[in-house]
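Here the structure is laid out as structure tokens; the discussion comes afterwards.
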Amino acid sequence: RAARALSVPPRAVATGPAQSSDRASGERVVLQLFRRPFLSEEATTTLARNANAKPGVDGTIASVATEQCFNVETTEALSADEMTTLQWLLRETFEPDLFASSSAFADASARVVEVGPRLAFQSAWSTNAVGVCRNCGLEKVTRLERSRRFSLTMKDGEPPSDAVKLAFASIVHDRMTECVYDEPLATF
């Protein structure tokens, strides 16, 4: 698999004025950075098998591919040095080429089920990640949440129905602490 270089800037979405308690004024921006795969090939095979046994899916999934999305909220755009530091923090040490600024599923958005932490509450993982960012000089990072993305390939070649997506999502997330993202995050 050819890995995409990080020369393309990550997707950024302006999300409105920053709160007065933030250190910098301006608009909050949510960047998405991606690492793939999220699960091993064996784990995705098991996941597809378990999903196919679920009522509502009924054996229609041929395969599942995964990636992890890092949703990074900043008070303003990061400089080149700050972006390099952030990428260094998020990518795998032994497989840095599997980290990218764009999704591997960009052409298959109709097939993607994305789940992650509920938006109203900052996760413990995010609190720790923001602390690490601050210790590395990334003061502009205010929240960093990770979501899991699953690309479903159906046996009939068609995009999965909403019913199949909902049935699949029910086995890959905890409804108490997580939710399904219908579109890429623009704000927390």
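Identifiers in this document derive from the order of the structure tokens: chains are assigned A, B, ..., residues are numbered from 1 separately in each chain, and ligands are numbered from 1 in order of occurrence.
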
Gly157 in chain A: which residues within 12 Å, counting only C-alpha atoms, same-chain residues fewer than 2 positions away excluded, as a ChimeraX atom specification? /A:60-63,108,111,152-155,159-161

I need the residues from that last selection saved to file as a compact mmCIF listing (two decimals), in the first residue's frame (with all heavy atoms), if you can.
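Result saved to out_36.txt:
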# COMPACT_ATOMS: atom_id res chain seq x y z
N THR A 60 -24.34 -9.72 5.21
CA THR A 60 -24.15 -8.91 4.00
C THR A 60 -22.80 -8.22 3.90
O THR A 60 -22.47 -7.69 2.85
CB THR A 60 -25.27 -7.85 3.90
OG1 THR A 60 -25.22 -7.02 5.06
CG2 THR A 60 -26.64 -8.48 3.77
N ILE A 61 -22.00 -8.23 4.96
CA ILE A 61 -20.70 -7.55 4.94
C ILE A 61 -19.62 -8.49 4.42
O ILE A 61 -19.43 -9.58 4.94
CB ILE A 61 -20.33 -7.03 6.35
CG1 ILE A 61 -21.33 -5.98 6.81
CG2 ILE A 61 -18.91 -6.46 6.35
CD1 ILE A 61 -21.11 -5.50 8.23
N ALA A 62 -18.91 -8.05 3.39
CA ALA A 62 -17.82 -8.84 2.83
C ALA A 62 -16.53 -8.61 3.61
O ALA A 62 -15.80 -9.56 3.90
CB ALA A 62 -17.61 -8.50 1.36
N SER A 63 -16.24 -7.35 3.95
CA SER A 63 -15.02 -7.05 4.69
C SER A 63 -15.14 -5.70 5.39
O SER A 63 -16.00 -4.89 5.06
CB SER A 63 -13.80 -7.05 3.76
OG SER A 63 -13.90 -5.99 2.82
N ALA A 108 -14.80 6.67 -0.19
CA ALA A 108 -15.84 5.72 0.21
C ALA A 108 -16.62 6.22 1.41
O ALA A 108 -17.00 5.44 2.27
CB ALA A 108 -15.19 4.38 0.51
N ARG A 111 -19.66 4.49 2.79
CA ARG A 111 -19.47 3.17 3.39
C ARG A 111 -18.90 3.24 4.81
O ARG A 111 -18.68 2.22 5.45
CB ARG A 111 -18.51 2.35 2.54
CG ARG A 111 -18.96 2.14 1.12
CD ARG A 111 -17.90 1.41 0.31
NE ARG A 111 -18.23 1.35 -1.08
CZ ARG A 111 -19.02 0.42 -1.64
NH1 ARG A 111 -19.55 -0.51 -0.90
NH2 ARG A 111 -19.28 0.46 -2.92
N LEU A 152 -17.09 -0.26 5.43
CA LEU A 152 -17.78 -1.53 5.20
C LEU A 152 -17.89 -1.80 3.71
O LEU A 152 -18.41 -0.98 2.96
CB LEU A 152 -19.18 -1.49 5.81
CG LEU A 152 -19.29 -1.07 7.28
CD1 LEU A 152 -20.74 -1.04 7.72
CD2 LEU A 152 -18.47 -1.99 8.15
N THR A 153 -17.41 -2.95 3.29
CA THR A 153 -17.58 -3.40 1.92
C THR A 153 -18.64 -4.49 1.94
O THR A 153 -18.51 -5.48 2.67
CB THR A 153 -16.26 -3.95 1.34
OG1 THR A 153 -15.27 -2.92 1.40
CG2 THR A 153 -16.44 -4.42 -0.10
N MET A 154 -19.69 -4.28 1.18
CA MET A 154 -20.82 -5.20 1.16
C MET A 154 -20.61 -6.26 0.08
O MET A 154 -19.94 -6.01 -0.92
CB MET A 154 -22.12 -4.43 0.92
CG MET A 154 -22.33 -3.27 1.88
SD MET A 154 -22.25 -3.73 3.62
CE MET A 154 -23.79 -4.60 3.77
N LYS A 155 -21.21 -7.41 0.29
CA LYS A 155 -21.07 -8.51 -0.67
C LYS A 155 -21.69 -8.17 -2.03
O LYS A 155 -21.20 -8.64 -3.05
CB LYS A 155 -21.71 -9.78 -0.10
CG LYS A 155 -20.91 -10.36 1.05
CD LYS A 155 -21.51 -11.62 1.59
CE LYS A 155 -20.65 -12.15 2.74
NZ LYS A 155 -21.24 -13.32 3.37
N PRO A 159 -23.31 0.45 -1.37
CA PRO A 159 -23.06 1.02 -0.03
C PRO A 159 -24.01 0.38 0.98
O PRO A 159 -25.12 -0.01 0.62
CB PRO A 159 -23.38 2.51 -0.21
CG PRO A 159 -23.29 2.76 -1.67
CD PRO A 159 -23.68 1.48 -2.34
N PRO A 160 -23.59 0.28 2.24
CA PRO A 160 -24.46 -0.32 3.24
C PRO A 160 -25.68 0.56 3.51
O PRO A 160 -25.60 1.79 3.43
CB PRO A 160 -23.57 -0.43 4.48
CG PRO A 160 -22.50 0.58 4.27
CD PRO A 160 -22.31 0.69 2.80
N SER A 161 -26.80 -0.08 3.83
CA SER A 161 -28.00 0.67 4.17
C SER A 161 -27.84 1.29 5.56
O SER A 161 -26.95 0.90 6.32
CB SER A 161 -29.22 -0.27 4.17
OG SER A 161 -29.10 -1.20 5.23

Need to verify the contact set: range 123-137 of chain A, 9 Å, only C-alpha atoms, exclusion of same-chain residues closer than 5 positions in sequence. Can you return it as a CSV table (one decimal) with N, CA, C and O atoms, in the first residue's frame?
chain,number,residue,atom,x,y,z
A,82,GLU,N,4.9,23.5,14.9
A,82,GLU,CA,3.9,22.9,15.8
A,82,GLU,C,3.2,21.7,15.2
A,82,GLU,O,3.0,20.7,15.8
A,85,THR,N,5.5,18.8,15.4
A,85,THR,CA,5.5,18.2,16.7
A,85,THR,C,4.3,17.4,17.0
A,85,THR,O,4.3,16.3,17.5
A,86,LEU,N,3.1,17.9,16.6
A,86,LEU,CA,1.9,17.2,16.7
A,86,LEU,C,1.9,15.8,16.0
A,86,LEU,O,1.5,14.8,16.5
A,89,LEU,N,4.0,13.3,17.8
A,89,LEU,CA,3.3,12.8,18.9
A,89,LEU,C,2.3,11.7,18.6
A,89,LEU,O,2.1,10.7,19.3
A,117,PRO,N,-15.9,9.5,21.1
A,117,PRO,CA,-16.4,10.0,22.4
A,117,PRO,C,-17.6,11.0,22.2
A,117,PRO,O,-17.6,11.7,21.2
A,118,ARG,N,-18.5,11.0,23.2
A,118,ARG,CA,-19.6,12.0,23.1
A,118,ARG,C,-18.9,13.4,23.1
A,118,ARG,O,-17.9,13.6,23.8
A,142,THR,N,-6.5,22.6,22.4
A,142,THR,CA,-7.4,22.7,23.5
A,142,THR,C,-8.2,21.4,23.8
A,142,THR,O,-8.7,21.1,24.9
A,143,ARG,N,-8.3,20.5,22.7
A,143,ARG,CA,-8.9,19.2,22.9
A,143,ARG,C,-8.4,18.3,21.8
A,143,ARG,O,-8.2,18.8,20.7
A,144,LEU,N,-8.2,17.1,22.1
A,144,LEU,CA,-7.7,16.1,21.2
A,144,LEU,C,-8.5,14.8,21.4
A,144,LEU,O,-8.2,14.1,22.5
A,145,GLU,N,-9.4,14.4,20.6
A,145,GLU,CA,-10.1,13.2,20.8
A,145,GLU,C,-9.9,12.3,19.6
A,145,GLU,O,-9.6,12.7,18.5
A,146,ARG,N,-9.9,11.0,19.8
A,146,ARG,CA,-9.7,10.0,18.7
A,146,ARG,C,-11.0,9.3,18.5
A,146,ARG,O,-11.7,8.9,19.4
A,177,THR,N,-20.9,6.2,26.6
A,177,THR,CA,-19.7,7.1,26.5
A,177,THR,C,-19.4,7.6,25.1
A,177,THR,O,-18.6,8.5,24.9

Grab the CA of Glu158 in chain A to CA of Val172 in chain A distance for me, in Å with one decimal place.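 So the two atoms, CA of Glu158 in chain A and CA of Val172 in chain A, lie 21.5 Å apart.
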
Please report, as an MDAnalysis selection string, each residue of chain A to which DSSP assigns alpha helix (DSSP H) when run on this structure's backbone.
-> chainID A and resid 41:52 80:90 124:135 162:172

* To do: For range 113-115 of chain A, work out the shell of residues within 8 Å, counting only C-alpha atoms and skipping chain neighbours fewer than 5 positions away, then give it as a PyMOL selection string.
  => chain A and resi 147-152+165+169+172-173+178-182

Written selection (all heavy atoms) as a compact mmCIF listing (two decimals), in the first residue's frame:
# COMPACT_ATOMS: atom_id res chain seq x y z
N SER A 147 -11.29 9.08 17.22
CA SER A 147 -12.45 8.30 16.83
C SER A 147 -11.97 7.12 15.99
O SER A 147 -10.84 7.11 15.50
CB SER A 147 -13.45 9.17 16.05
OG SER A 147 -12.86 9.71 14.89
N ARG A 148 -12.85 6.15 15.85
CA ARG A 148 -12.54 4.96 15.06
C ARG A 148 -13.44 4.95 13.83
O ARG A 148 -14.64 5.18 13.93
CB ARG A 148 -12.77 3.71 15.90
CG ARG A 148 -11.88 3.69 17.12
CD ARG A 148 -12.16 2.55 18.08
NE ARG A 148 -13.53 2.21 18.36
CZ ARG A 148 -14.34 2.85 19.21
NH1 ARG A 148 -13.92 3.92 19.84
NH2 ARG A 148 -15.58 2.43 19.43
N ARG A 149 -12.83 4.70 12.67
CA ARG A 149 -13.58 4.70 11.42
C ARG A 149 -13.53 3.31 10.80
O ARG A 149 -12.47 2.69 10.73
CB ARG A 149 -12.97 5.73 10.47
CG ARG A 149 -12.96 7.12 11.12
CD ARG A 149 -12.53 8.18 10.18
NE ARG A 149 -13.63 8.29 9.22
CZ ARG A 149 -13.50 8.79 8.00
NH1 ARG A 149 -12.35 9.23 7.58
NH2 ARG A 149 -14.52 8.85 7.19
N PHE A 150 -14.69 2.84 10.36
CA PHE A 150 -14.82 1.52 9.77
C PHE A 150 -15.42 1.67 8.38
O PHE A 150 -16.49 2.23 8.22
CB PHE A 150 -15.76 0.65 10.62
CG PHE A 150 -15.33 0.51 12.06
CD1 PHE A 150 -15.75 1.44 13.01
CD2 PHE A 150 -14.52 -0.53 12.46
CE1 PHE A 150 -15.36 1.32 14.34
CE2 PHE A 150 -14.12 -0.65 13.79
CZ PHE A 150 -14.54 0.28 14.72
N SER A 151 -14.72 1.17 7.38
CA SER A 151 -15.22 1.18 6.01
C SER A 151 -15.79 -0.21 5.71
O SER A 151 -15.07 -1.21 5.77
CB SER A 151 -14.11 1.51 5.02
OG SER A 151 -14.60 1.47 3.70
N LEU A 152 -17.09 -0.26 5.43
CA LEU A 152 -17.78 -1.53 5.20
C LEU A 152 -17.89 -1.80 3.71
O LEU A 152 -18.41 -0.98 2.96
CB LEU A 152 -19.18 -1.49 5.81
CG LEU A 152 -19.29 -1.07 7.28
CD1 LEU A 152 -20.74 -1.04 7.72
CD2 LEU A 152 -18.47 -1.99 8.15
N LYS A 165 -25.66 -0.01 8.85
CA LYS A 165 -24.72 0.86 9.56
C LYS A 165 -25.07 0.94 11.05
O LYS A 165 -24.18 0.87 11.90
CB LYS A 165 -24.72 2.26 8.96
CG LYS A 165 -23.97 2.39 7.66
CD LYS A 165 -24.00 3.84 7.20
CE LYS A 165 -23.10 4.08 6.03
NZ LYS A 165 -23.06 5.50 5.65
N ALA A 169 -22.74 -0.34 14.01
CA ALA A 169 -22.30 0.63 15.03
C ALA A 169 -22.62 0.14 16.43
O ALA A 169 -21.87 0.38 17.37
CB ALA A 169 -22.94 1.99 14.78
N VAL A 172 -19.73 -1.85 17.85
CA VAL A 172 -18.38 -1.28 17.92
C VAL A 172 -18.26 -0.07 18.84
O VAL A 172 -17.20 0.55 18.89
CB VAL A 172 -17.82 -0.93 16.52
CG1 VAL A 172 -17.64 -2.17 15.67
CG2 VAL A 172 -18.68 0.11 15.82
N HIS A 173 -19.35 0.30 19.52
CA HIS A 173 -19.23 1.44 20.43
C HIS A 173 -20.11 1.25 21.66
O HIS A 173 -21.05 0.48 21.66
CB HIS A 173 -19.54 2.75 19.72
CG HIS A 173 -20.99 3.11 19.61
ND1 HIS A 173 -21.88 2.42 18.84
CD2 HIS A 173 -21.69 4.11 20.20
CE1 HIS A 173 -23.07 2.98 18.93
NE2 HIS A 173 -22.99 4.00 19.76
N GLU A 178 -19.95 6.91 24.10
CA GLU A 178 -19.60 7.19 22.71
C GLU A 178 -20.85 7.43 21.87
O GLU A 178 -21.96 7.08 22.28
CB GLU A 178 -18.81 6.03 22.10
CG GLU A 178 -17.47 5.79 22.77
CD GLU A 178 -16.73 4.62 22.17
OE1 GLU A 178 -17.35 3.55 21.96
OE2 GLU A 178 -15.53 4.78 21.90
N CYS A 179 -20.64 7.98 20.70
CA CYS A 179 -21.74 8.19 19.75
C CYS A 179 -21.22 7.96 18.34
O CYS A 179 -20.02 7.88 18.10
CB CYS A 179 -22.34 9.58 19.91
SG CYS A 179 -21.22 10.94 19.54
N VAL A 180 -22.17 7.86 17.41
CA VAL A 180 -21.84 7.71 15.99
C VAL A 180 -21.74 9.11 15.40
O VAL A 180 -22.60 9.95 15.63
CB VAL A 180 -22.93 6.89 15.27
CG1 VAL A 180 -22.63 6.80 13.77
CG2 VAL A 180 -23.04 5.49 15.88
N TYR A 181 -20.67 9.37 14.65
CA TYR A 181 -20.50 10.65 13.98
C TYR A 181 -21.04 10.51 12.56
O TYR A 181 -20.50 9.74 11.76
CB TYR A 181 -19.03 11.06 13.92
CG TYR A 181 -18.35 11.23 15.26
CD1 TYR A 181 -16.97 11.20 15.36
CD2 TYR A 181 -19.07 11.41 16.44
CE1 TYR A 181 -16.32 11.37 16.58
CE2 TYR A 181 -18.43 11.57 17.66
CZ TYR A 181 -17.06 11.54 17.72
OH TYR A 181 -16.43 11.70 18.93
N ASP A 182 -22.08 11.26 12.25
CA ASP A 182 -22.69 11.18 10.92
C ASP A 182 -21.84 11.87 9.85
O ASP A 182 -21.98 11.59 8.66
CB ASP A 182 -24.07 11.80 10.94
CG ASP A 182 -25.04 10.99 11.80
OD1 ASP A 182 -24.88 9.76 11.87
OD2 ASP A 182 -25.93 11.61 12.41

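Proximity of A:Ala163, A:Ala43, A:Thr66, A:Thr74 to Ala186 in chain A, computed with only C-alpha atoms, is greatest for A:Thr74.
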
Q) For Asp174 in chain A, which of A:Asp107, A:Phe70, A:Gly116, A:Ala48 is the closest residue, counting only C-alpha atoms? A)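 Result for the nearest residue to Asp174 in chain A: A:Gly116.
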
task = Looking only at strand (DSSP E) from DSSP on the backbone, list the matching residues of chain A as a ChimeraX atom specification.
result = /A:11-17,27-35,61-74,99-100,112-117,141-154,178-181

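Here CA of Val72 in chain A stands at a distance of 21.0 Å from CA of Glu95 in chain A.
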
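Using only C-alpha atoms, the shortest contact distance between Pro96 in chain A and any of A:Pro184, A:Val30, A:Asp162, A:Arg35 is found at A:Arg35.
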